[in-house]
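Notes follow once the structure below has been shown.
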Amino acid sequence: MSDQKSTTCSKCSTVWQNLGTTNCWSGDPALAPPKPGNCPSDAYEDVVKESFDEYRGDSEDAKIAFVAARVEGLCYQPVPGSDAVNARWTRVEDTIAFAKLMGYKKIGIATCIGLLDESERLAKILTAQGFEPVSVCCKAGSIDKLELGLTETDKVRPGTFEPACNPIAQAEICNRMGTDMNIIVGLCVGHDMLFSKHSKAPVTTLVVKDRVTGHNPVAVLYGQNFYYKRLQKQMVLTGNE
């Protein structure tokens, strides 16, 4: 078991709500709120500093970090006569700007079969923006789920043919096509991990699958004091599955 100190940056949400800032968002140490006892700035100071060294130089990681920070700045625009700023770009526009500034051309789309329409809409936008989109469906090859070692009762509709998702194949096909960047559109939990693990090109997620909320999983976080309060009281799996 690891003896490394755990961190809980999420606890600083209260500080942010009360003061509009946190210790790590304060440029003046004299005015900064105190650090929590398990702040990674202290507990993992060596990691923070050593990691930042990776952003200096001419490596791909350094370029990605630089361009990502530029896109973050470009996403906002000032409000005349105010110190407020407005966000002007959607995630699709952020993704396009990032890819352009990185000099990417061929963009892979790893799509869920349930979001083929959304992926085609994305492909049309990417084409209009000067990219070469290619897409690979999760069910490519149409191999039955039983080949994974599952039983009929593990299927969504037992007794029917259900092809297994094959995210490693999606990644390897993108690798062979020589994509510069890959976009995940609605892959299942776990399948997205395997795709990202096996993709040679950098991966970003545009759509996170959520069958109940219309692919908007943050709705559960906002609704946990009412509709989704059960998540604080009931285990999702009982152990009898």
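Chain labels follow the order of the structure tokens: the first chain is A, the next B, and so on; residue numbering restarts at 1 in every chain, and ligands are counted from 1 in their shown order.
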
Just want the 10 Å neighbourhood of Arg211 in chain A, counted on only C-alpha atoms, with same-chain residues fewer than 6 positions away dropped. Output as an mmCIF file with N, CA and C atoms, in the first residue's frame.
```
data_model
loop_
_atom_site.group_PDB
_atom_site.id
_atom_site.type_symbol
_atom_site.label_atom_id
_atom_site.label_comp_id
_atom_site.auth_asym_id
_atom_site.auth_seq_id
_atom_site.Cartn_x
_atom_site.Cartn_y
_atom_site.Cartn_z
ATOM 1 N N GLY A 114 -23.569 4.322 -31.542
ATOM 2 C CA GLY A 114 -24.773 5.076 -31.214
ATOM 3 C C GLY A 114 -24.654 6.558 -31.498
ATOM 4 N N GLY A 186 -18.103 9.516 -27.639
ATOM 5 C CA GLY A 186 -19.061 8.645 -26.984
ATOM 6 C C GLY A 186 -18.631 7.223 -26.685
ATOM 7 N N CYS A 188 -17.579 4.003 -24.497
ATOM 8 C CA CYS A 188 -17.978 3.572 -23.157
ATOM 9 C C CYS A 188 -16.828 3.756 -22.157
ATOM 10 N N PRO A 217 -22.842 14.127 -18.465
ATOM 11 C CA PRO A 217 -22.693 13.500 -17.153
ATOM 12 C C PRO A 217 -22.612 14.473 -15.985
#
```

Name all residues at most 12 Å from range 70-82 of chain A (count only C-alpha atoms; drop same-chain ones fewer than 6 positions away) and give them as number ranges by chain. A: 63-64, 88-102

Generate a file of the selected residues that holds C-alpha atoms, formatted as a short mmCIF file (atom, residue, chain, number, x, y, z; two decimals), in the first residue's frame.
```
data_model
loop_
_atom_site.label_atom_id
_atom_site.label_comp_id
_atom_site.auth_asym_id
_atom_site.auth_seq_id
_atom_site.Cartn_x
_atom_site.Cartn_y
_atom_site.Cartn_z
CA LYS A 63 4.22 22.29 -27.60
CA ILE A 64 0.92 20.78 -26.46
CA ARG A 88 -16.76 32.78 -26.89
CA TRP A 89 -15.85 29.26 -28.05
CA THR A 90 -17.54 25.91 -27.63
CA ARG A 91 -15.54 22.72 -27.05
CA VAL A 92 -15.77 22.01 -30.79
CA GLU A 93 -14.20 25.39 -31.54
CA ASP A 94 -11.55 24.87 -28.85
CA THR A 95 -10.66 21.55 -30.47
CA ILE A 96 -10.42 23.09 -33.93
CA ALA A 97 -8.25 25.96 -32.70
CA PHE A 98 -5.94 23.57 -30.85
CA ALA A 99 -5.54 21.30 -33.87
CA LYS A 100 -4.82 24.24 -36.18
CA LEU A 101 -2.21 25.76 -33.87
CA MET A 102 -0.58 22.36 -33.47
#
```

Nearest residue to Ala164 in chain A from the set A:Ile184, A:Val189, A:Met235, A:Ala140 (distances using only C-alpha atoms):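 Between A:Ile184, A:Val189, A:Met235, A:Ala140, the residue approaching Ala164 in chain A most closely is A:Ala140.
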
Compile the contact shell of Phe52 in chain A as an mmCIF file with N, CA and C atoms, in the first residue's frame: residues with an atom at most 12 Å away, counting only C-alpha atoms, same-chain residues fewer than 6 positions apart removed.
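Produced file out16.cif, reproduced below:
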```cif
data_model
loop_
_atom_site.group_PDB
_atom_site.id
_atom_site.type_symbol
_atom_site.label_atom_id
_atom_site.label_comp_id
_atom_site.auth_asym_id
_atom_site.auth_seq_id
_atom_site.Cartn_x
_atom_site.Cartn_y
_atom_site.Cartn_z
ATOM 1 N N GLU A 45 5.690 19.042 -3.984
ATOM 2 C CA GLU A 45 6.370 20.192 -4.580
ATOM 3 C C GLU A 45 7.395 19.758 -5.623
ATOM 4 N N ASP A 46 8.085 18.644 -5.357
ATOM 5 C CA ASP A 46 9.099 18.169 -6.299
ATOM 6 C C ASP A 46 8.460 17.757 -7.625
ATOM 7 N N ASP A 61 5.317 17.409 -25.775
ATOM 8 C CA ASP A 61 4.604 17.778 -24.554
ATOM 9 C C ASP A 61 4.665 19.287 -24.324
ATOM 10 N N ALA A 62 5.839 19.868 -24.572
ATOM 11 C CA ALA A 62 5.992 21.308 -24.383
ATOM 12 C C ALA A 62 5.105 22.081 -25.348
ATOM 13 N N ALA A 65 1.411 21.787 -24.288
ATOM 14 C CA ALA A 65 1.131 22.633 -23.129
ATOM 15 C C ALA A 65 1.039 24.103 -23.540
ATOM 16 N N PHE A 66 1.948 24.530 -24.419
ATOM 17 C CA PHE A 66 1.961 25.918 -24.878
ATOM 18 C C PHE A 66 0.702 26.244 -25.673
#
```

Of the listed residues A:Asp154, A:Val207, A:Thr111, A:Arg121, that which approaches Lys139 in chain A most closely, counting only C-alpha atoms: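 Selected residue with least distance to Lys139 in chain A: A:Thr111.
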
Per residue of range 38-147 of chain A within 12 Å of range 9-23 of chain A, note the shortest atom pair and the distance in Å to one decimal, counting only C-alpha atoms, and order the rows by chain and increasing residue number, as CSV.
```
residue,atom,partner,partner_atom,distance
A:Asn38,CA,A:Cys9,CA,8.2
A:Cys39,CA,A:Cys9,CA,6.9
A:Pro40,CA,A:Cys9,CA,7.9
A:Ser41,CA,A:Asn23,CA,9.4
A:Asp42,CA,A:Asn23,CA,11.5
A:Ala43,CA,A:Cys9,CA,11.9
```

Could you find all residues in range 60-225 of chain A that DSSP calls helix (DSSP H, G or I) from the backbone, and write them as a PyMOL selection string? chain A and resi 60-74+91-102+113-128+145-148+152-154+167-177+191-198+218-222

Can you measure CA of Pro167 in chain A to CA of Lys145 in chain A for me? One decimal in Å is fine. 13.4 Å

From range 32-188 of chain A, collect each residue whose DSSP state is strand (DSSP E) and return the set as a count of residues only. 23

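When the distance limit is 10 Å and only C-alpha atoms are what count, the residues near Pro163 in chain A, minus those fewer than 4 positions from it on the same chain, are Cys138, Lys139, Ala140, Gly141, Ser142, Ile143, Asp144, Lys145, Leu146, Glu147 and Lys155 of chain A.
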
Neighbour list for Met181 in chain A as a ChimeraX atom specification, cut-off 8 Å, only C-alpha atoms, skip fewer than 5 positions in-chain: /A:99,104,106-108,201-204

Quote the spacing between CA of Asn240 in chain A and CA of Thr153 in chain A in Å to one decimal place.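 Computing the Euclidean distance for CA of Asn240 in chain A and CA of Thr153 in chain A yields 13.8 Å.
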
Kindly give the distance, in Å, that separates CA of Glu132 in chain A and CA of Val185 in chain A, rounded to a single decimal. 16.6 Å

Looking at only C-alpha atoms, which of A:Val67, A:Asn175, A:Leu187, A:Pro33 is the one that sits closest to Ser119 in chain A?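 Looking at the shortest contact to Ser119 in chain A, the residue is A:Leu187.
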
Which residue of A:Gly214, A:Leu150, A:Ala219, A:Met193 approaches Ile168 in chain A most closely, using only C-alpha atoms: A:Met193
